[in-house]
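> Can you keep this structure in mind? I'll have questions shortly.
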Amino acid sequence: MEIQNTNTTNPTDSNTSHESIELEKWQIQKQIWPKKGSYIMGQYDQNSIIVYQAFNSTIGNAAIKAQKFEGCEGYNETRMTWIKTNFLWVTFRSDWAKRSNQEMILAIYLKRTAFERMLGQSNIKGTKGTKVVKGTESKKGEKVDRKYGRVRLQWDPDHEPNREPIKNRRALQLGIKGVRTFITGEDIIKIVDATPIAERGRKLMETNKDWLDELE
């Protein structure tokens, strides 16, 4: 498993609009991305990585305003939240931000140290024990510290923008529950509304038969 940077954007700049997310034509990205295997694919630099989650507009707008999830109306701190590093994966799950309670996609600029801590502490869904990611191994006999919350790692079949499954390639989801440093914003650099990107893609899909050539 490797982290694949989908472009050269700088996630830690001060721009808080969706324009801070660098885009590239889908057809170009398609040639660069791995054809098979389990990969963490996303935008990152040495300090942060962008993760995505779809919420209803009440939670989404409150989180953007507060730049954290603590105290946001409708946000359930005891429920597991699933974050994705792959933007196309969240558009698949939310049907391009059309599904009920998933009409707003947030780009969460997560600190790399927090993301790597979550990977190191995660359990892989459907198995017992801890999923150990290269570079985050614990010393022999060392107990995994779970006092900050629960993290579940799940590999799901990846998909094309048109919802067709990609054979032999899987995308990462992290389920986080009760992680106080995430909820309070300590793990987060900034939260951005990425919905306009999904809406633009959906409009292309609905109005242009060659939309995959134009999608970015």
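The chains in the structure tokens are called A, B, ... from first to last as shown; in each chain the residues are counted from 1, and the ligands are counted from 1 in the order shown.
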So which residues of chain A fall under strand (DSSP E) by DSSP, listed as a PyMOL selection string?
chain A and resi 2-5+37-42+48-55+81-84+104-111+123-124+150-159+165-177+188-193
> Go ahead and write the residues just picked, C-alpha atoms, as a short mmCIF file (atom, residue, chain, number, x, y, z; two decimals), in the first residue's frame.

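Okay, this is what ended up in out14.cif:
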```
data_model
loop_
_atom_site.label_atom_id
_atom_site.label_comp_id
_atom_site.auth_asym_id
_atom_site.auth_seq_id
_atom_site.Cartn_x
_atom_site.Cartn_y
_atom_site.Cartn_z
CA GLU A 2 1.32 3.42 -0.94
CA ILE A 3 0.10 7.01 -0.83
CA GLN A 4 -0.31 8.35 -4.37
CA ASN A 5 -0.35 12.13 -4.79
CA GLY A 37 -3.89 -2.83 -5.79
CA SER A 38 -4.88 -1.02 -2.59
CA TYR A 39 -3.74 2.59 -2.57
CA ILE A 40 -4.26 5.79 -0.62
CA MET A 41 -4.81 8.29 -3.43
CA GLY A 42 -5.23 11.95 -2.61
CA SER A 48 -1.41 17.75 5.38
CA ILE A 49 -3.66 15.52 3.31
CA ILE A 50 -7.17 16.33 2.06
CA VAL A 51 -9.93 13.95 3.13
CA TYR A 52 -13.56 14.19 2.05
CA GLN A 53 -16.93 13.49 3.60
CA ALA A 54 -20.49 14.26 2.49
CA PHE A 55 -22.91 15.78 5.01
CA THR A 81 -17.75 9.25 10.39
CA TRP A 82 -16.23 7.82 7.21
CA ILE A 83 -13.60 9.97 5.51
CA LYS A 84 -12.07 9.34 2.08
CA MET A 104 -22.66 18.94 0.75
CA ILE A 105 -19.13 17.59 0.29
CA LEU A 106 -16.48 18.92 2.64
CA ALA A 107 -12.76 18.90 1.90
CA ILE A 108 -11.06 18.52 5.27
CA TYR A 109 -7.39 19.45 5.30
CA LEU A 110 -6.13 16.97 7.86
CA LYS A 111 -2.68 17.23 9.45
CA ASN A 123 -8.41 -1.85 12.72
CA ILE A 124 -9.16 -3.25 9.29
CA ARG A 150 -11.78 4.31 17.44
CA VAL A 151 -10.53 4.15 13.85
CA ARG A 152 -11.58 1.52 11.32
CA LEU A 153 -9.81 1.01 8.00
CA GLN A 154 -11.79 -0.28 5.05
CA TRP A 155 -10.74 -1.02 1.47
CA ASP A 156 -13.60 -0.69 -1.00
CA PRO A 157 -13.78 -1.32 -4.77
CA ASP A 158 -12.79 1.85 -6.60
CA HIS A 159 -15.04 3.32 -9.30
CA PRO A 165 -16.24 -0.47 -10.87
CA ILE A 166 -12.50 -0.55 -11.43
CA LYS A 167 -11.38 -4.15 -11.30
CA ASN A 168 -8.54 -5.01 -8.96
CA ARG A 169 -8.15 -1.53 -7.42
CA ARG A 170 -9.43 -0.55 -4.00
CA ALA A 171 -9.91 2.83 -2.36
CA LEU A 172 -9.41 3.73 1.29
CA GLN A 173 -12.06 4.75 3.80
CA LEU A 174 -11.30 5.56 7.42
CA GLY A 175 -14.12 5.31 9.93
CA ILE A 176 -13.48 7.51 12.94
CA LYS A 177 -15.54 7.56 16.11
CA ILE A 188 -7.65 19.91 11.11
CA ILE A 189 -5.92 22.75 9.25
CA LYS A 190 -9.04 23.97 7.43
CA ILE A 191 -12.43 22.85 6.11
CA VAL A 192 -13.53 23.81 2.60
CA ASP A 193 -16.80 23.36 0.68
#
```
> Using the chain letters and numbers from this document, which residues of segment 28-214 of chain A does DSSP assign to alpha helix (DSSP H), as a count of residues only?
54
> Between atom CA of Gln46 of chain A and atom CA of Lys25 of chain A, what is the spacing in Å?
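Calculated distance between atom CA of Lys25 of chain A and atom CA of Gln46 of chain A is 24.1 Å.
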> Hey, can you check how far atom CA of Arg202 of chain A sits from atom CA of Asn61 of chain A?
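The value is 20.9 Å.
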> If you count only C-alpha atoms, which residues fall within 12 Å of Glu103 of chain A, apart from same-chain ones fewer than 4 positions away, as a ChimeraX atom specification?
/A:53-61,90-91,93-99,193-196,198-199
> Would you compute the distance between atom CA of Ala62 of chain A and atom CA of Glu186 of chain A? Give it in Å to one decimal.
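Separating atom CA of Ala62 of chain A from atom CA of Glu186 of chain A is a distance of 16.7 Å.
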> Can you pull out every residue within 12 Å of Gly149 of chain A, counting only C-alpha atoms, but drop anything in the same chain fewer than 4 positions away, and send it as an MDAnalysis selection string?
chainID A and resid 77:81 117:118 121:123 144:145 175:183
> So, with only C-alpha atoms as the atoms that count, which of A:Asp187, A:Glu206, A:Asp45, A:Glu160 lies closest to Gln27 of chain A?
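The answer is A:Glu160, which sits nearest to Gln27 of chain A.
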